[in-house]
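What follows is the content of protein.txt (compact mmCIF, C-alpha atoms and all ligand atoms).
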```txt
# COMPACT_ATOMS: atom_id res chain seq x y z
CA MET A 1 19.23 16.18 -0.92
CA ILE A 2 19.89 13.20 -3.17
CA ILE A 3 23.32 11.66 -3.30
CA VAL A 4 23.76 9.32 -6.26
CA LEU A 5 26.69 6.96 -5.85
CA LYS A 6 28.86 5.66 -8.66
CA PRO A 7 28.05 2.07 -9.72
CA GLN A 8 29.32 -0.94 -7.78
CA GLN A 9 30.02 0.59 -4.41
CA THR A 10 30.70 -1.82 -1.57
CA ARG A 11 28.57 -1.75 1.56
CA GLN A 12 31.49 -0.24 3.42
CA GLN A 13 31.89 2.59 0.89
CA VAL A 14 28.17 3.33 1.18
CA ASN A 15 28.46 3.31 4.99
CA THR A 16 31.30 5.84 4.89
CA VAL A 17 29.13 8.26 2.90
CA CYS A 18 26.25 7.68 5.35
CA ALA A 19 28.55 8.41 8.29
CA GLU A 20 29.52 11.74 6.73
CA ILE A 21 25.86 12.60 6.07
CA LYS A 22 25.10 11.90 9.76
CA ARG A 23 28.12 13.89 10.89
CA LEU A 24 26.77 16.87 8.97
CA GLY A 25 23.46 16.55 10.85
CA TYR A 26 21.21 14.74 8.33
CA THR A 27 19.50 11.34 8.33
CA PRO A 28 20.57 9.07 5.46
CA HIS A 29 18.06 6.73 3.76
CA VAL A 30 19.81 4.24 1.54
CA MET A 31 17.98 2.98 -1.56
CA ARG A 32 19.75 0.21 -3.42
CA GLY A 33 18.79 -0.07 -7.08
CA VAL A 34 19.94 -2.70 -9.56
CA ALA A 35 22.48 -0.39 -11.18
CA ARG A 36 23.37 2.04 -8.41
CA THR A 37 22.73 3.14 -4.88
CA VAL A 38 21.02 6.42 -4.06
CA ILE A 39 21.04 8.04 -0.62
CA GLY A 40 18.31 10.44 0.39
CA ALA A 41 19.61 12.83 3.06
CA ILE A 42 16.80 14.33 5.09
CA GLY A 43 17.26 17.29 7.44
CA ASP A 44 16.78 21.02 7.69
CA GLU A 45 19.37 22.62 5.43
CA ARG A 46 19.00 25.96 7.23
CA GLN A 47 20.31 24.37 10.42
CA HIS A 48 23.10 22.15 9.11
CA ALA A 49 26.19 22.42 6.96
CA SER A 50 25.76 21.95 3.21
CA LEU A 51 26.04 18.48 1.71
CA GLU A 52 27.46 19.89 -1.53
CA SER A 53 30.99 18.97 -0.39
CA LEU A 54 30.09 15.29 -0.89
CA ALA A 55 30.16 15.86 -4.66
CA ALA A 56 33.97 15.78 -4.46
CA TRP A 57 34.04 12.32 -2.87
CA PRO A 58 35.34 9.54 -5.18
CA GLN A 59 32.28 7.30 -4.46
CA VAL A 60 29.79 10.05 -5.35
CA GLU A 61 28.43 10.74 -8.81
CA SER A 62 26.13 13.65 -8.02
CA VAL A 63 24.51 15.64 -5.24
CA SER A 64 21.24 17.40 -5.97
CA ARG A 65 18.34 19.02 -4.21
CA ILE A 66 14.88 17.36 -4.11
CA GLN A 67 12.53 20.09 -5.28
CA LYS A 68 9.25 18.56 -4.11
CA ARG A 69 7.85 18.75 -0.57
CA TYR A 70 7.74 14.96 -0.50
CA LYS A 71 11.24 13.58 -0.68
CA LEU A 72 11.70 9.85 -0.11
CA VAL A 73 8.50 8.84 -1.90
CA SER A 74 9.43 10.95 -4.92
CA ARG A 75 10.71 9.62 -8.23
CA GLU A 76 13.49 12.15 -7.98
CA ALA A 77 14.89 10.27 -5.00
CA HIS A 78 14.29 6.82 -6.51
CA PRO A 79 13.94 6.74 -10.30
CA GLN A 80 13.11 3.00 -10.61
CA ASN A 81 9.77 1.52 -9.59
CA SER A 82 9.86 0.07 -6.08
CA THR A 83 8.70 -3.46 -5.57
CA ILE A 84 7.39 -4.96 -2.35
CA THR A 85 8.00 -8.65 -1.78
CA LEU A 86 5.82 -10.41 0.76
CA PRO A 87 7.37 -13.42 2.45
CA PRO A 88 5.86 -16.74 1.33
CA ALA A 89 3.27 -18.03 3.78
CA THR A 90 4.71 -20.78 5.93
CA GLY A 91 3.05 -23.98 7.04
CA THR A 92 0.49 -23.82 4.27
CA LYS A 93 -1.21 -26.57 2.39
CA ARG A 94 -0.32 -24.91 -0.90
CA ASN A 95 3.21 -24.11 -1.85
CA SER A 96 2.89 -20.39 -2.33
CA ALA A 97 5.49 -18.30 -4.17
CA PRO A 98 6.35 -14.90 -2.71
CA VAL A 99 3.96 -12.13 -3.80
CA VAL A 100 5.65 -9.15 -5.49
CA ILE A 101 3.72 -5.88 -5.64
CA GLY A 102 4.89 -3.37 -8.24
CA GLY A 103 6.38 -6.01 -10.57
CA LYS A 104 5.16 -7.63 -13.77
CA LYS A 105 2.14 -9.21 -12.15
CA CYS A 106 -0.91 -7.15 -11.25
CA VAL A 107 -1.57 -8.48 -7.74
CA ILE A 108 -5.15 -9.32 -6.86
CA MET A 109 -6.14 -8.79 -3.22
CA ALA A 110 -9.64 -10.06 -2.54
CA GLY A 111 -11.91 -11.00 0.33
CA PRO A 112 -14.78 -9.75 2.42
CA CYS A 113 -15.16 -6.20 3.66
CA SER A 114 -15.38 -7.59 7.22
CA VAL A 115 -14.39 -10.93 8.67
CA GLU A 116 -17.70 -12.29 10.00
CA SER A 117 -17.23 -15.99 10.74
CA GLU A 118 -14.88 -18.89 10.10
CA ARG A 119 -17.18 -20.32 7.48
CA GLN A 120 -17.63 -17.02 5.65
CA LEU A 121 -13.90 -16.29 5.59
CA MET A 122 -12.71 -19.79 4.69
CA THR A 123 -15.23 -20.15 1.86
CA THR A 124 -14.19 -16.79 0.44
CA ALA A 125 -10.46 -17.41 0.87
CA GLU A 126 -10.62 -20.79 -0.90
CA ALA A 127 -12.65 -19.33 -3.75
CA VAL A 128 -10.52 -16.25 -4.36
CA ALA A 129 -7.27 -18.28 -4.16
CA GLU A 130 -8.67 -20.75 -6.66
CA ALA A 131 -9.58 -17.90 -9.02
CA GLY A 132 -6.08 -16.37 -8.89
CA ALA A 133 -5.95 -13.90 -5.98
CA THR A 134 -2.71 -14.00 -3.98
CA VAL A 135 -3.66 -11.74 -1.06
CA LEU A 136 -6.69 -12.11 1.22
CA ARG A 137 -8.37 -8.95 2.47
CA GLY A 138 -10.71 -8.80 5.47
CA GLY A 139 -11.39 -6.21 8.14
CA ALA A 140 -11.17 -7.25 11.79
CA PHE A 141 -11.27 -3.66 13.08
CA LYS A 142 -13.84 -1.73 11.07
CA PRO A 143 -14.06 2.07 10.80
CA ARG A 144 -17.84 2.39 10.74
CA THR A 145 -19.58 5.73 10.28
CA SER A 146 -22.13 4.86 12.96
CA PRO A 147 -21.17 3.44 16.37
CA TYR A 148 -24.27 1.20 16.16
CA GLU A 149 -22.98 -0.70 13.14
CA PHE A 150 -20.84 -3.85 13.27
CA GLN A 151 -17.37 -2.83 14.47
CA GLY A 152 -15.48 -5.99 13.51
CA LEU A 153 -14.50 -9.17 15.35
CA GLY A 154 -11.19 -7.71 16.59
CA GLU A 155 -8.54 -10.27 17.55
CA LYS A 156 -10.88 -13.16 16.80
CA GLY A 157 -11.04 -11.86 13.22
CA LEU A 158 -7.24 -11.67 13.04
CA LYS A 159 -6.99 -15.29 14.20
CA LEU A 160 -9.40 -16.35 11.47
CA LEU A 161 -7.32 -14.49 8.87
CA ALA A 162 -4.22 -16.34 10.09
CA LYS A 163 -6.11 -19.62 9.81
CA ALA A 164 -7.19 -18.78 6.26
CA ARG A 165 -3.62 -17.90 5.33
CA LYS A 166 -2.44 -21.25 6.63
CA ALA A 167 -5.11 -23.11 4.71
CA THR A 168 -4.72 -21.30 1.39
CA GLY A 169 -1.21 -19.80 1.23
CA LEU A 170 -2.72 -16.36 0.63
CA ALA A 171 -0.96 -13.39 2.22
CA VAL A 172 -3.16 -11.27 4.50
CA ILE A 173 -4.00 -7.57 4.44
CA THR A 174 -6.09 -6.04 7.20
CA GLU A 175 -6.80 -2.58 8.57
CA LEU A 176 -5.64 -1.11 11.84
CA LEU A 177 -7.53 1.77 13.38
CA SER A 178 -5.43 2.96 16.25
CA GLU A 179 -1.95 2.93 17.70
CA ASP A 180 -3.20 0.47 20.36
CA HIS A 181 -3.70 -2.13 17.62
CA VAL A 182 -0.39 -1.79 15.86
CA GLU A 183 1.51 -4.59 17.58
CA LEU A 184 -1.42 -6.96 17.59
CA VAL A 185 -2.32 -6.47 13.92
CA ALA A 186 1.33 -6.62 12.82
CA GLU A 187 1.57 -10.05 14.45
CA TYR A 188 -1.09 -11.42 12.09
CA ALA A 189 -0.97 -9.33 8.91
CA ASP A 190 1.45 -9.37 5.97
CA ILE A 191 0.30 -5.88 4.92
CA LEU A 192 -1.08 -3.22 7.25
CA GLN A 193 -3.96 -1.23 5.76
CA ILE A 194 -4.32 2.39 6.82
CA GLY A 195 -7.87 3.35 5.93
CA ALA A 196 -9.20 6.50 4.28
CA ARG A 197 -10.36 7.90 7.62
CA ASN A 198 -6.90 7.54 9.14
CA ALA A 199 -4.86 8.56 6.10
CA GLN A 200 -3.58 11.68 7.88
CA ASN A 201 -3.32 10.17 11.35
CA PHE A 202 0.41 10.77 11.35
CA GLN A 203 1.14 9.12 14.68
CA LEU A 204 -0.60 5.97 13.51
CA LEU A 205 1.39 6.07 10.26
CA VAL A 206 4.66 6.36 12.18
CA ALA A 207 3.75 3.54 14.57
CA ALA A 208 2.66 1.29 11.68
CA ALA A 209 5.81 2.12 9.70
CA LYS A 210 8.00 1.16 12.65
CA THR A 211 6.71 -2.42 12.61
CA GLY A 212 8.57 -2.87 9.31
CA ARG A 213 5.48 -4.47 7.74
CA PRO A 214 4.45 -3.28 4.26
CA ILE A 215 1.88 -0.48 4.45
CA LEU A 216 -1.09 0.12 2.16
CA LEU A 217 -2.10 3.76 2.54
CA LYS A 218 -5.59 4.60 1.32
CA ARG A 219 -6.32 8.07 0.02
CA GLY A 220 -8.35 10.12 2.49
CA LEU A 221 -11.90 11.12 1.60
CA SER A 222 -10.92 14.69 0.72
CA MET A 223 -7.21 14.37 0.33
CA LYS A 224 -5.22 16.14 -2.37
CA ILE A 225 -2.60 14.02 -4.12
CA GLU A 226 0.21 16.07 -2.61
CA GLU A 227 -1.19 15.56 0.91
CA TRP A 228 -1.45 11.83 0.23
CA LEU A 229 2.15 11.63 -0.94
CA LEU A 230 3.25 13.62 2.11
CA ALA A 231 1.38 11.20 4.38
CA GLY A 232 3.29 8.39 2.65
CA GLU A 233 6.49 10.28 3.36
CA TYR A 234 5.92 9.56 7.08
CA VAL A 235 6.29 5.85 6.34
CA LEU A 236 9.52 6.10 4.36
CA ALA A 237 10.97 8.70 6.72
CA ASN A 238 10.55 6.12 9.48
CA ASP A 239 12.74 3.63 7.66
CA ASN A 240 10.01 1.56 6.09
CA PRO A 241 10.49 1.47 2.30
CA ASN A 242 7.52 -0.85 1.72
CA LEU A 243 4.70 1.56 1.00
CA MET A 244 1.90 1.34 -1.54
CA PHE A 245 -0.72 3.99 -2.27
CA CYS A 246 -4.37 2.91 -2.66
CA GLU A 247 -6.96 5.07 -4.41
CA ARG A 248 -10.47 4.28 -3.09
CA GLY A 249 -12.56 7.17 -4.34
CA ILE A 250 -12.96 10.68 -3.01
CA ARG A 251 -15.84 12.94 -1.99
CA THR A 252 -17.17 15.08 -4.82
CA PHE A 253 -20.53 16.72 -5.61
CA GLU A 254 -21.59 13.47 -7.34
CA THR A 255 -24.07 11.32 -5.44
CA TYR A 256 -24.76 8.65 -8.08
CA THR A 257 -21.88 6.65 -6.65
CA ARG A 258 -20.76 6.35 -3.00
CA ASN A 259 -17.41 7.94 -3.91
CA THR A 260 -15.85 9.19 -7.12
CA LEU A 261 -13.07 6.80 -8.08
CA ASP A 262 -10.19 8.95 -9.28
CA LEU A 263 -8.29 6.78 -11.76
CA SER A 264 -6.20 9.78 -12.76
CA THR A 265 -4.18 9.09 -9.60
CA ILE A 266 -2.60 6.05 -11.29
CA PRO A 267 -0.47 7.89 -13.89
CA ILE A 268 0.00 10.89 -11.61
CA VAL A 269 1.17 9.02 -8.52
CA LYS A 270 3.32 6.72 -10.66
CA ARG A 271 4.94 9.77 -12.26
CA GLU A 272 5.55 11.50 -8.94
CA SER A 273 6.46 8.45 -6.88
CA HIS A 274 8.24 5.12 -7.21
CA CYS A 275 5.81 3.36 -4.86
CA PRO A 276 3.24 0.87 -6.23
CA VAL A 277 -0.34 2.06 -6.81
CA VAL A 278 -3.37 -0.04 -5.83
CA ILE A 279 -6.99 0.56 -6.84
CA ASP A 280 -9.96 -0.30 -4.63
CA PRO A 281 -12.91 -0.47 -7.03
CA SER A 282 -15.28 -1.58 -4.24
CA GLN A 283 -15.18 1.46 -1.93
CA GLY A 284 -14.57 3.39 -5.18
CA GLY A 285 -18.14 3.23 -6.45
CA GLY A 286 -19.97 1.48 -3.65
CA ARG A 287 -21.72 -0.70 -6.23
CA ALA A 288 -20.92 -4.27 -7.25
CA ASP A 289 -22.11 -3.63 -10.82
CA LEU A 290 -19.34 -1.06 -11.37
CA VAL A 291 -16.45 -3.14 -10.01
CA ALA A 292 -15.53 -4.94 -13.26
CA ALA A 293 -15.40 -1.74 -15.34
CA PHE A 294 -13.32 0.02 -12.70
CA CYS A 295 -10.88 -2.92 -12.58
CA LYS A 296 -10.47 -2.95 -16.35
CA GLY A 297 -9.85 0.79 -16.40
CA ALA A 298 -7.37 0.52 -13.53
CA VAL A 299 -5.43 -2.27 -15.25
CA ALA A 300 -5.32 -0.30 -18.51
CA MET A 301 -3.99 2.75 -16.66
CA GLY A 302 -1.19 0.81 -14.98
CA ALA A 303 -2.43 -0.16 -11.50
CA ASP A 304 -0.02 -2.51 -9.72
CA ALA A 305 -2.72 -4.23 -7.67
CA LEU A 306 -6.49 -4.35 -7.13
CA LEU A 307 -8.18 -4.59 -3.74
CA ILE A 308 -11.60 -6.15 -4.29
CA GLU A 309 -14.39 -6.99 -1.83
CA VAL A 310 -15.84 -10.47 -2.24
CA HIS A 311 -18.47 -12.18 -0.08
CA PRO A 312 -20.21 -15.58 -0.33
CA ASN A 313 -23.57 -13.86 0.16
CA PRO A 314 -23.31 -10.10 -0.38
CA ALA A 315 -26.98 -9.52 0.42
CA GLU A 316 -26.37 -10.74 3.98
CA ALA A 317 -22.99 -9.05 4.51
CA TRP A 318 -22.49 -7.29 7.85
CA SER A 319 -20.86 -4.31 6.08
CA ASP A 320 -20.71 -2.89 2.54
CA GLY A 321 -23.13 -5.48 1.06
CA ALA A 322 -23.99 -3.40 -2.02
CA GLN A 323 -20.43 -3.28 -3.29
CA GLN A 324 -19.19 -6.82 -2.66
CA LEU A 325 -18.90 -9.31 -5.50
CA SER A 326 -20.29 -12.81 -5.08
CA LEU A 327 -17.83 -15.70 -5.44
CA GLU A 328 -19.21 -16.34 -8.92
CA GLY A 329 -18.97 -12.64 -9.79
CA PHE A 330 -15.32 -12.65 -8.74
CA ARG A 331 -14.54 -15.74 -10.81
CA GLU A 332 -16.11 -14.10 -13.85
CA LEU A 333 -14.20 -10.88 -13.26
CA MET A 334 -10.89 -12.75 -13.11
CA LYS A 335 -11.65 -14.33 -16.49
CA ASP A 336 -12.78 -11.03 -18.03
CA LEU A 337 -9.65 -9.24 -16.81
CA LYS A 338 -7.25 -11.54 -18.66
CA PRO A 339 -7.19 -9.72 -22.05
CA PHE A 340 -6.93 -6.35 -20.27
CA LEU A 341 -3.94 -7.56 -18.27
CA ALA A 342 -2.29 -8.93 -21.40
CA ALA A 343 -2.89 -5.66 -23.29
CA ALA A 344 -1.32 -3.73 -20.42
CA GLY A 345 1.73 -6.02 -20.48
CA ARG A 346 0.82 -7.50 -17.09
CA GLU A 347 0.21 -11.04 -15.96
C1 LIG B 401 -12.40 -1.14 3.61
O1 LIG B 401 -11.43 -1.46 2.89
O2 LIG B 401 -13.30 -1.93 3.90
C2 LIG B 401 -12.50 0.27 4.08
C3 LIG B 401 -13.19 0.57 5.16
O3 LIG B 401 -11.83 1.12 3.28
P1 LIG B 401 -11.72 2.73 3.28
O4 LIG B 401 -10.79 3.08 4.40
O5 LIG B 401 -11.16 3.00 1.93
O6 LIG B 401 -13.10 3.28 3.46
MN MN B 402 -15.55 -2.10 2.91
```
Any chance you could give the structure as structure tokens?
Ligand code: PEP
Ligand code: MN
Amino acid sequence: MIIVLKPQQTRQQVNTVCAEIKRLGYTPHVMRGVARTVIGAIGDERQHASLESLAAWPQVESVSRIQKRYKLVSREAHPQNSTITLPPATGTKRNSAPVVIGGKKCVIMAGPCSVESERQLMTTAEAVAEAGATVLRGGAFKPRTSPYEFQGLGEKGLKLLAKARKATGLAVITELLSEDHVELVAEYADILQIGARNAQNFQLLVAAAKTGRPILLKRGLSMKIEEWLLAGEYVLANDNPNLMFCERGIRTFETYTRNTLDLSTIPIVKRESHCPVVIDPSQGGGRADLVAAFCKGAVAMGADALLIEVHPNPAEAWSDGAQQLSLEGFRELMKDLKPFLAAAGRE
């Protein structure tokens, strides 16, 4: 159920409503908007008393049922766009402003598929920061199809990401593969990436959500949009409001590209949900020559951020070489994107 409060309620008035929701057997999730506060009450209505009685409370404007299977991620529960603010990097050379995902600026997250060495990561981080990226990507734990392929540097990779953050002021996003990594990765990362292969690993989602770190949830290889939104629901239902959805291409009959990048998810997910939408054009096509076109399309369709693979020498990359942009390719892309961002009303 959704309980919309009248404007300008004090914290104490909100708490009183929450206490009543709990007393009736539901879990309240408070969402504070600019104009008013909305409380999502989650629980099995067949087992508990009705919340309809709250409609008579002086603080309450309306009580209504959420029709969709996903509740807290839905626009019904939270009509305004959500924004995610990353804390400014501390102890950096550059004075970095906080990064806001879901706001006016289309956030550029860029970096190598895998962290390979200090030199590779630092060179890339400096170059992407210079060109306008504000988040550094890089996998330390890699979900490789074959066990004989490079699996990532693990904690050593995380340490290098932290070093690059300190040197450049970039925030860091990196993937975690299992519940065993959650604490370790959360220590180093500003955003936790849940990869396509783990998109419905619900226990991992819950554990990641509980760290309180922002979560980027990739779409699974064969995941329907509703399943993806429901997976996201696990994050919000575990009291972490900082969720973004990332489309990275799905499996179809098409073999020309590695995956089929489904840009239709941008308007659909933004209609259904208040959470920011990110596009990964690199896994999306699996080809560096398609990245620029995918980025332009994504910006035009309203993507809140782009997650782009960049490597100083893609031909020698230890993973995903064919789809990574060179440093020069990334610089060019950032220039080419400018008019598209302006046309879309973004910065
Ligand atoms: C990646 O970002 O390098 C990656 C492995 O992504 P995905 O989970 O989308 O395949
Ligand atoms: Mn990759």
Inset, instruction - Around the point (-20.3, -15.0, 1.0) in the file's coordinates, collect all residues with an atom within 7 Å, using all atoms listed in the file, and return them as a PyMOL selection string. - result: chain A and resi 120+124+311-314+326-327
Legend entry - Close residues, Ile215 of chain A itself excluded, 10 Å, only C-alpha atoms, min 4 positions apart in chain, as JSON, numbers by chain: {"A": [84, 173, 175, 190, 191, 192, 193, 194, 205, 208, 209, 211, 232, 235, 240, 241, 242, 243, 244, 245]}
Inset, instruction - Dump as a list in words all residues having an atom at most 8 Å from (18.3, 17.4, 12.8), computed in the file's coordinates with all atoms listed in the file. - result: Gly25, Tyr26, Thr27, Gly43, Asp44, Gln47 and His48 of chain A
Legend entry - Among the residues A:Glu332, A:Glu20, A:Glu347, A:Asp304, the one that comes closest to Ala131 of chain A [using only C-alpha atoms]: A:Glu332
Inset, instruction - Between A:Cys113, A:Ala125, A:Ala167, A:Leu204, single out the one closest to ligand LIG 401 (chain B), counting all atoms listed in the file. - result: A:Cys113
Inset, instruction - Would you list the residues that come within 9 Å of ligand LIG 401 (chain B)? Count all atoms listed in the file and give the answer as an NGL selection string. - result: :A and (112-114 or 137-139 or 142-144 or 174-175 or 193-199 or 217-221 or 246-249 or 280 or 282-284 or 307-309 or 319-320)
Legend entry - Which of A:Ile108, A:Val206, A:Arg331, A:Val128 sits closest to Cys295 of chain A [using all atoms listed in the file]: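 Among A:Ile108, A:Val206, A:Arg331, A:Val128, it is A:Ile108 that comes nearest to Cys295 of chain A.
Counting only C-alpha atoms, the residue from A:Gly302, A:Pro339, A:Met1, A:Val17 that sits nearest to Cys106 of chain A is A:Gly302.
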